[in-house]
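The file start22.csv comes next; it holds CSV, C-alpha atoms and all ligand atoms.
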```
chain,number,residue,atom,x,y,z
C,1,MET,CA,0.0,0.0,0.0
C,2,ARG,CA,1.4,3.4,-0.9
C,3,ALA,CA,2.0,5.9,1.8
C,4,PRO,CA,-0.5,8.9,1.9
C,5,LEU,CA,0.8,12.0,0.2
C,6,GLU,CA,2.1,14.6,2.6
C,7,ASN,CA,0.5,18.1,2.5
C,8,GLU,CA,3.8,19.9,2.4
C,9,PHE,CA,3.7,23.7,2.9
C,10,SER,CA,4.9,25.6,-0.3
C,11,TRP,CA,4.5,29.0,-1.7
C,12,SER,CA,3.5,30.4,-5.1
C,13,LEU,CA,2.2,33.7,-6.4
C,14,SER,CA,-1.3,32.2,-7.1
C,15,ARG,CA,-1.3,30.7,-3.6
C,16,ALA,CA,-0.5,34.1,-2.2
C,17,ARG,CA,-3.2,35.8,-4.3
C,18,THR,CA,-5.8,33.2,-3.0
C,19,PHE,CA,-4.7,33.9,0.6
C,20,GLU,CA,-5.0,37.7,0.0
C,21,ASP,CA,-8.5,37.2,-1.6
C,22,CYS,CA,-9.9,35.3,1.4
C,23,ALA,CA,-8.3,33.1,4.0
C,24,LEU,CA,-11.2,30.7,4.1
C,25,LYS,CA,-11.0,30.2,0.3
C,26,TYR,CA,-7.3,29.5,0.8
C,27,TRP,CA,-8.2,26.9,3.5
C,28,PHE,CA,-10.8,25.2,1.3
C,29,HIS,CA,-8.3,25.1,-1.6
C,30,TYR,CA,-5.1,24.0,0.2
C,31,TYR,CA,-6.3,22.1,3.3
C,32,GLY,CA,-10.1,21.3,3.3
C,33,SER,CA,-9.9,19.6,-0.1
C,34,TRP,CA,-6.7,17.7,0.7
C,35,GLY,CA,-7.1,13.9,0.1
C,36,GLY,CA,-10.4,14.3,-1.8
C,37,TRP,CA,-9.0,12.2,-4.6
C,38,GLU,CA,-9.0,9.1,-2.4
C,39,PRO,CA,-11.9,6.7,-3.0
C,40,ASP,CA,-12.8,6.6,0.7
C,41,ALA,CA,-12.5,10.4,1.3
C,42,PRO,CA,-15.3,11.8,3.5
C,43,SER,CA,-18.0,13.3,1.3
C,44,GLU,CA,-17.4,16.9,2.3
C,45,VAL,CA,-13.7,16.6,1.5
C,46,ARG,CA,-14.6,15.0,-1.9
C,47,GLU,CA,-17.0,17.9,-2.6
C,48,LEU,CA,-14.3,20.5,-1.8
C,49,TYR,CA,-11.8,18.6,-4.0
C,50,LEU,CA,-14.3,18.6,-6.9
C,51,LEU,CA,-14.9,22.4,-6.4
C,52,LYS,CA,-11.2,23.1,-6.1
C,53,ASN,CA,-10.8,21.6,-9.6
C,54,LEU,CA,-13.4,23.9,-11.2
C,55,THR,CA,-12.0,25.9,-14.0
C,56,ASN,CA,-13.5,28.4,-16.4
C,57,LEU,CA,-13.3,29.2,-20.1
C,58,HIS,CA,-10.9,32.1,-19.8
C,59,LEU,CA,-8.5,29.9,-17.8
C,60,ILE,CA,-8.8,27.0,-20.3
C,61,ALA,CA,-8.2,29.4,-23.2
C,62,GLY,CA,-5.1,30.8,-21.5
C,63,ASP,CA,-3.8,27.3,-20.7
C,64,THR,CA,-4.5,26.0,-24.2
C,65,VAL,CA,-2.6,29.0,-25.8
C,66,HIS,CA,0.3,28.3,-23.5
C,67,ARG,CA,0.4,24.6,-24.5
C,68,ALA,CA,0.1,25.5,-28.2
C,69,ILE,CA,3.1,27.9,-27.9
C,70,GLN,CA,5.0,25.2,-26.2
C,71,ARG,CA,4.3,22.9,-29.1
C,72,ALA,CA,5.4,25.6,-31.5
C,73,LEU,CA,8.7,26.1,-29.7
C,74,GLU,CA,9.4,22.4,-29.6
C,75,ASP,CA,8.8,22.2,-33.4
C,76,HIS,CA,11.0,25.3,-33.9
C,77,ALA,CA,13.8,23.7,-31.8
C,78,ARG,CA,13.6,20.6,-34.1
C,79,ARG,CA,13.8,22.9,-37.1
C,80,LYS,CA,10.3,22.0,-38.1
C,81,GLU,CA,8.4,25.2,-39.0
C,82,PRO,CA,5.3,25.4,-36.8
C,83,ASP,CA,2.0,26.1,-38.6
C,84,PRO,CA,-0.1,28.8,-36.8
C,85,GLU,CA,-3.4,27.9,-38.3
C,86,LYS,CA,-3.0,24.2,-37.3
C,87,LEU,CA,-2.3,25.3,-33.8
C,88,VAL,CA,-5.4,27.6,-33.8
C,89,GLN,CA,-7.5,24.6,-34.9
C,90,TRP,CA,-5.9,22.4,-32.2
C,91,CYS,CA,-6.7,25.0,-29.6
C,92,LYS,CA,-10.3,25.3,-30.7
C,93,ALA,CA,-10.7,21.5,-30.6
C,94,GLU,CA,-9.2,21.5,-27.0
C,95,MET,CA,-11.8,24.1,-26.0
C,96,GLN,CA,-14.7,22.1,-27.5
C,97,ARG,CA,-13.4,19.0,-25.7
C,98,ALA,CA,-13.4,20.8,-22.4
C,99,VAL,CA,-17.0,22.1,-22.9
C,100,HIS,CA,-18.2,18.5,-23.7
C,101,GLU,CA,-16.3,17.0,-20.8
C,102,SER,CA,-17.9,19.5,-18.5
C,103,LEU,CA,-21.5,19.0,-19.9
C,104,GLU,CA,-21.1,15.2,-19.8
C,105,GLU,CA,-19.7,15.4,-16.2
C,106,ALA,CA,-16.7,13.3,-17.1
C,107,TRP,CA,-15.0,15.0,-14.2
C,108,ARG,CA,-17.0,13.0,-11.7
C,109,GLU,CA,-14.7,10.0,-12.5
C,110,ARG,CA,-11.6,11.9,-13.4
C,111,PRO,CA,-11.6,15.3,-11.8
C,112,LYS,CA,-8.0,16.1,-12.4
C,113,GLN,CA,-8.1,15.1,-16.1
C,114,CYS,CA,-11.5,16.3,-17.2
C,115,ALA,CA,-12.7,19.9,-17.2
C,116,ARG,CA,-15.6,21.1,-15.0
C,117,LEU,CA,-16.6,24.6,-15.9
C,118,PHE,CA,-17.5,27.2,-13.3
C,119,GLU,CA,-19.9,28.5,-16.0
C,120,HIS,CA,-21.8,25.2,-16.0
C,121,HIS,CA,-21.8,24.8,-12.2
C,122,TYR,CA,-22.7,28.3,-11.1
C,123,GLY,CA,-23.7,30.0,-14.3
C,124,PRO,CA,-24.3,32.0,-16.3
C,125,LYS,CA,-24.2,29.3,-19.0
C,126,PRO,CA,-21.8,30.3,-21.8
C,127,GLN,CA,-23.7,31.8,-24.7
C,128,ARG,CA,-22.7,31.5,-28.3
C,129,GLU,CA,-21.4,35.1,-28.5
C,130,PHE,CA,-19.2,34.5,-25.5
C,131,LEU,CA,-17.8,31.3,-27.1
C,132,VAL,CA,-17.1,33.1,-30.3
C,133,ARG,CA,-15.2,35.8,-28.3
C,134,ILE,CA,-13.1,33.2,-26.6
C,135,ALA,CA,-12.3,31.5,-29.9
C,136,LYS,CA,-11.3,34.9,-31.3
C,137,LYS,CA,-9.0,35.6,-28.3
C,138,ILE,CA,-7.3,32.2,-28.8
C,139,GLY,CA,-6.9,32.8,-32.6
C,140,ASP,CA,-5.5,36.3,-32.1
C,141,SER,CA,-3.1,35.2,-29.3
C,142,ILE,CA,-1.6,32.4,-31.4
C,143,ARG,CA,-1.3,34.4,-34.6
C,144,ARG,CA,0.2,37.4,-32.9
C,145,PHE,CA,2.7,35.2,-31.1
C,146,PHE,CA,4.2,34.2,-34.5
C,147,THR,CA,4.5,37.8,-35.7
C,148,SER,CA,5.6,39.1,-32.3
C,149,PRO,CA,8.9,40.7,-31.4
C,150,ALA,CA,9.2,38.0,-28.7
C,151,PHE,CA,9.2,35.2,-31.2
C,152,GLY,CA,11.6,37.3,-33.3
C,153,LEU,CA,14.0,37.2,-30.5
C,154,ILE,CA,13.5,33.5,-29.9
C,155,ARG,CA,14.3,32.9,-33.6
C,156,GLU,CA,17.7,34.6,-33.0
C,157,THR,CA,18.6,32.3,-30.2
C,158,ASP,CA,20.2,28.9,-30.4
C,159,PRO,CA,17.8,26.2,-29.0
C,160,GLY,CA,20.9,24.7,-27.4
C,161,GLU,CA,21.0,27.7,-25.1
C,162,TRP,CA,17.4,27.4,-24.0
C,163,LEU,CA,17.0,26.5,-20.4
C,164,PRO,CA,15.1,23.4,-19.4
C,165,MET,CA,11.9,23.9,-17.5
C,166,GLU,CA,9.4,21.6,-15.9
C,167,THR,CA,5.9,22.9,-15.7
C,168,LEU,CA,5.9,22.5,-11.9
C,169,ASP,CA,9.5,23.4,-11.1
C,170,THR,CA,10.4,24.8,-7.8
C,171,PHE,CA,13.3,26.4,-5.9
C,172,GLN,CA,14.1,26.7,-2.2
C,173,PHE,CA,13.5,30.1,-0.6
C,174,GLU,CA,14.8,30.2,3.0
C,175,GLY,CA,13.6,26.6,3.6
C,176,THR,CA,10.3,26.9,1.8
C,177,LYS,CA,9.6,25.2,-1.6
C,178,VAL,CA,8.5,28.0,-4.0
C,179,TYR,CA,6.8,27.3,-7.4
C,180,ALA,CA,7.9,29.8,-10.1
C,181,VAL,CA,8.6,28.8,-13.7
C,182,PRO,CA,8.8,31.2,-16.6
C,183,ASP,CA,7.2,30.1,-19.9
C,184,PHE,CA,10.5,30.6,-21.8
C,185,ALA,CA,14.1,31.1,-20.7
C,186,CYS,CA,17.3,31.1,-22.6
C,187,ARG,CA,20.9,32.3,-22.4
C,188,HIS,CA,21.5,35.0,-25.0
C,189,ARG,CA,24.6,37.2,-25.4
C,190,GLY,CA,25.8,36.7,-21.9
C,191,GLU,CA,22.4,37.2,-20.3
C,192,VAL,CA,19.5,35.1,-19.2
C,193,ILE,CA,16.2,36.1,-20.8
C,194,LEU,CA,12.9,35.2,-19.2
C,195,LEU,CA,9.6,35.6,-21.0
C,196,ASP,CA,6.0,34.9,-19.8
C,197,TRP,CA,3.1,34.7,-22.2
C,198,LYS,CA,0.0,36.6,-21.2
C,199,THR,CA,-3.4,36.3,-22.8
C,200,GLY,CA,-5.1,39.0,-20.6
C,201,GLN,CA,-4.6,42.7,-20.3
C,202,PRO,CA,-1.5,44.2,-18.8
C,203,ASP,CA,-1.4,43.9,-15.0
C,204,GLU,CA,1.1,45.7,-12.7
C,205,ARG,CA,1.4,42.6,-10.5
C,206,ASN,CA,3.2,40.7,-13.3
C,207,ALA,CA,6.3,42.8,-12.7
C,208,ASP,CA,6.8,41.0,-9.4
C,209,GLN,CA,6.3,37.7,-11.1
C,210,VAL,CA,9.2,38.4,-13.5
C,211,VAL,CA,11.4,39.3,-10.5
C,212,LEU,CA,10.4,36.0,-8.8
C,213,TYR,CA,11.5,34.2,-12.0
C,214,ALA,CA,14.9,35.9,-11.7
C,215,LEU,CA,15.2,34.5,-8.2
C,216,PHE,CA,14.3,31.1,-9.6
C,217,ALA,CA,16.9,31.5,-12.4
C,218,ALA,CA,19.6,32.4,-9.9
C,219,ALA,CA,18.7,29.5,-7.6
C,220,ARG,CA,18.0,26.8,-10.2
C,221,TRP,CA,20.5,27.6,-13.0
C,222,GLY,CA,23.1,29.6,-11.1
C,223,ALA,CA,22.3,32.7,-13.2
C,224,ASP,CA,24.0,35.9,-12.2
C,225,PRO,CA,21.0,37.9,-11.0
C,226,ASP,CA,22.6,41.1,-12.4
C,227,ARG,CA,22.6,39.5,-15.9
C,228,VAL,CA,18.9,38.5,-15.9
C,229,ARG,CA,16.3,40.3,-17.9
C,230,GLY,CA,12.7,39.4,-18.1
C,231,ALA,CA,9.3,40.6,-19.3
C,232,PRO,CA,5.6,39.6,-19.5
C,233,VAL,CA,4.6,39.3,-23.2
C,234,TYR,CA,1.0,40.5,-23.8
C,235,LEU,CA,0.0,38.6,-26.9
C,236,LEU,CA,-3.2,40.4,-27.5
C,237,ASN,CA,-1.3,43.7,-27.5
C,238,GLY,CA,1.0,42.5,-30.3
C,239,GLY,CA,3.5,40.5,-28.3
C,240,GLY,CA,5.9,43.4,-27.8
C,241,PHE,CA,8.0,43.3,-24.7
C,242,GLU,CA,10.7,45.2,-22.9
C,243,PRO,CA,12.9,42.8,-21.1
C,244,ARG,CA,14.2,44.9,-18.3
C,245,PRO,CA,17.1,44.2,-15.9
C,246,VAL,CA,16.0,42.8,-12.5
C,247,THR,CA,17.8,45.2,-10.1
C,248,PRO,CA,19.0,44.4,-6.5
C,249,GLU,CA,16.2,46.6,-5.2
C,250,ASP,CA,13.6,44.6,-7.2
C,251,ARG,CA,15.0,41.4,-5.7
C,252,THR,CA,15.0,42.7,-2.2
C,253,ARG,CA,11.4,44.0,-2.6
C,254,VAL,CA,10.1,40.7,-3.9
C,255,ALA,CA,12.1,38.6,-1.4
C,256,ASP,CA,10.6,40.7,1.4
C,257,MET,CA,7.1,40.2,-0.1
C,258,VAL,CA,7.6,36.4,-0.3
C,259,ARG,CA,9.0,36.3,3.2
C,260,ARG,CA,6.0,38.3,4.6
C,261,SER,CA,3.5,36.2,2.7
C,262,ILE,CA,5.0,32.9,3.9
C,263,ALA,CA,5.0,34.3,7.5
C,264,ALA,CA,1.3,35.3,7.2
C,265,MET,CA,0.2,31.9,5.9
C,266,ARG,CA,2.2,30.0,8.4
C,267,GLY,CA,1.0,32.2,11.2
C,268,ARG,CA,-2.5,30.8,10.7
C,269,LEU,CA,-1.5,27.2,11.0
C,270,LYS,CA,-2.3,25.1,14.0
C,271,ASP,CA,1.1,23.5,13.7
C,272,PRO,CA,3.6,25.0,11.3
C,273,VAL,CA,5.9,22.0,11.7
C,274,THR,CA,3.4,19.5,10.3
C,275,ASN,CA,1.5,22.1,8.2
C,276,ALA,CA,-1.7,21.3,10.1
C,277,ALA,CA,-4.5,23.8,9.6
C,278,GLU,CA,-7.9,24.1,11.2
C,279,ARG,CA,-10.7,25.9,9.4
C,280,GLU,CA,-11.3,28.2,12.5
C,281,GLY,CA,-7.9,29.8,11.9
C,282,PHE,CA,-9.0,31.1,8.5
C,283,ALA,CA,-11.6,33.8,8.8
C,284,PRO,CA,-13.6,34.6,5.6
C,285,SER,CA,-13.4,37.9,3.8
C,286,PRO,CA,-16.7,38.0,1.9
C,287,GLY,CA,-16.8,40.6,-0.9
C,288,HIS,CA,-15.5,40.9,-4.4
C,289,ALA,CA,-13.7,37.6,-4.4
C,290,CYS,CA,-16.9,35.6,-3.8
C,291,ARG,CA,-18.2,36.2,-7.3
C,292,SER,CA,-15.5,34.0,-8.8
C,293,CYS,CA,-14.9,31.8,-5.8
C,294,ASN,CA,-15.1,28.1,-6.6
C,295,PHE,CA,-16.4,27.4,-3.1
C,296,ARG,CA,-19.2,29.9,-3.0
C,297,GLY,CA,-21.8,27.1,-3.2
C,298,VAL,CA,-20.6,25.6,0.1
C,299,CYS,CA,-19.7,28.8,1.9
C,300,ALA,CA,-22.2,30.3,4.3
C,301,HIS,CA,-20.4,33.7,3.9
C,302,ALA,CA,-20.7,34.0,0.1
C,303,ARG,CA,-21.9,37.3,-1.2
C,401,LIG,S1,-17.4,32.5,-1.1
C,401,LIG,FE1,-16.4,34.4,-0.4
C,401,LIG,S2,-16.2,34.3,1.8
C,401,LIG,FE2,-16.6,32.2,1.0
C,401,LIG,S3,-14.6,31.3,0.8
C,401,LIG,FE3,-15.2,32.2,-1.2
C,401,LIG,S4,-14.3,34.2,-1.2
C,401,LIG,FE4,-14.3,33.5,0.9
```
Translate the structure described by the file into structure tokens.
Amino acid sequence: MRAPLENEFSWSLSRARTFEDCALKYWFHYYGSWGGWEPDAPSEVRELYLLKNLTNLHLIAGDTVHRAIQRALEDHARRKEPDPEKLVQWCKAEMQRAVHESLEEAWRERPKQCARLFEHHYGPKPQREFLVRIAKKIGDSIRRFFTSPAFGLIRETDPGEWLPMETLDTFQFEGTKVYAVPDFACRHRGEVILLDWKTGQPDERNADQVVLYALFAAARWGADPDRVRGAPVYLLNGGGFEPRPVTPEDRTRVADMVRRSIAAMRGRLKDPVTNAAEREGFAPSPGHACRSCNFRGVCAHAR
């Protein structure tokens, strides 16, 4: 019999944003739903686990575009010219598959593999115009990637200088495992370049994400932090980018932010050594976050 998985404490930007949104939502996501994949899990834990895995059409569109670009880069590295239109069609087929999986409730058997849409669970049901808009967003993102300055730069680089990345790679930050992986990284003219594809609108918070990637590059690849440049690449805005140096002040600021966030999360735990958490330690913050909260259906505080 395999040993049960350990709920190890870790940190990521999305985890920090969930915690900032609402501590109870954070507890549902990282603690209350833990173990819900087991066949003999208590029903409330199973329910939280199924809700934790809810996704939505914007998230699926973004993820699909990321996977399509990854495929294009793999083709490019093998000197096989990627075909943008084939990738757009592939993305649309992936979206349709997700919608069908959700409608057919395939997620009941395989919650991790099959999509369950927030729109189907909580509504409003996606209308045709909305689906057309999402399909357009996907098509625009993929086509603009191929004409973007970012892809222009990638074409100049030697694939032998690209840095290896695992989707769920981590580095150690003062004893805590931190998840932070850029979408593309390479050595180029004595520097490390980090790029991150964005299918949404520009967001100031993404600046901190790039600095976090620089900390990752230093810890994981031994990059000289003074020779790291990074940028979010907003595909819908044309895929332009300005890779800027990550200054010592940037690194200090983001390291402080991570340190404070970890301390705040751990401060709520019943036992920080074992990462044990009790729901009572995580007070809800009903408000704006409730509208898109996966757990609103089981939360007595939802607004
Ligand atoms: S519904 Fe609102 S109060 Fe309840 S967990 Fe979600 S964000 Fe927090």
Near-ligand residues for ligand LIG 401 (chain C), threshold 7 Å, all atoms listed in the file, as a JSON list (two decimals) with C-alpha atoms, keeping the file's coordinate frame:
```
[["chain", "number", "residue", "atom", "x", "y", "z"],
["C", 21, "ASP", "CA", -8.50, 37.20, -1.60],
["C", 22, "CYS", "CA", -9.90, 35.30, 1.40],
["C", 23, "ALA", "CA", -8.30, 33.10, 4.00],
["C", 24, "LEU", "CA", -11.20, 30.70, 4.10],
["C", 25, "LYS", "CA", -11.00, 30.20, 0.30],
["C", 284, "PRO", "CA", -13.60, 34.60, 5.60],
["C", 285, "SER", "CA", -13.40, 37.90, 3.80],
["C", 286, "PRO", "CA", -16.70, 38.00, 1.90],
["C", 287, "GLY", "CA", -16.80, 40.60, -0.90],
["C", 289, "ALA", "CA", -13.70, 37.60, -4.40],
["C", 290, "CYS", "CA", -16.90, 35.60, -3.80],
["C", 293, "CYS", "CA", -14.90, 31.80, -5.80],
["C", 294, "ASN", "CA", -15.10, 28.10, -6.60],
["C", 295, "PHE", "CA", -16.40, 27.40, -3.10],
["C", 296, "ARG", "CA", -19.20, 29.90, -3.00],
["C", 299, "CYS", "CA", -19.70, 28.80, 1.90],
["C", 300, "ALA", "CA", -22.20, 30.30, 4.30],
["C", 301, "HIS", "CA", -20.40, 33.70, 3.90],
["C", 302, "ALA", "CA", -20.70, 34.00, 0.10],
["C", 303, "ARG", "CA", -21.90, 37.30, -1.20]]
```
Neighbour list for His66 of chain C as number ranges by chain, cut-off 10 Å, all atoms listed in the file, skip fewer than 2 positions in-chain: C: 60-64, 68-72, 91, 141-142, 183, 196-199
Pairwise distance for atom CA of Asn7 of chain C and atom CA of Ala277 of chain C, rounded to one decimal in Å: 10.4 Å
Coordinates-based distance that separates atom CA of Tyr122 of chain C from atom CA of Trp27 of chain C (Å, one decimal):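 Atom-to-atom, atom CA of Trp27 of chain C to atom CA of Tyr122 of chain C, that is 20.6 Å.
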Counting only C-alpha atoms, the option among C:Val246, C:Leu51, C:Ala93, C:Val65 closest to Leu212 of chain C: C:Val246
Counting all atoms listed in the file, the residue of C:Trp37, C:Trp90, C:Tyr49, C:Tyr213 that sits nearest Arg67 of chain C: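 The closest residue to Arg67 of chain C is C:Trp90.
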Option closest in space to Thr176 of chain C, from C:Arg259, C:Asp40, C:Thr18, C:Leu13 [counting only C-alpha atoms]: C:Arg259
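The residue that comes closest to Ala150 of chain C, out of C:Asp203, C:Phe171, C:Glu20, C:Phe241 and on the basis of only C-alpha atoms, is C:Phe241.
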Computed interatomic separation between atom CA of Asn53 of chain C and atom CA of Ser102 of chain C (Å):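 Atom CA of Asn53 of chain C sits 11.6 Å away from atom CA of Ser102 of chain C.
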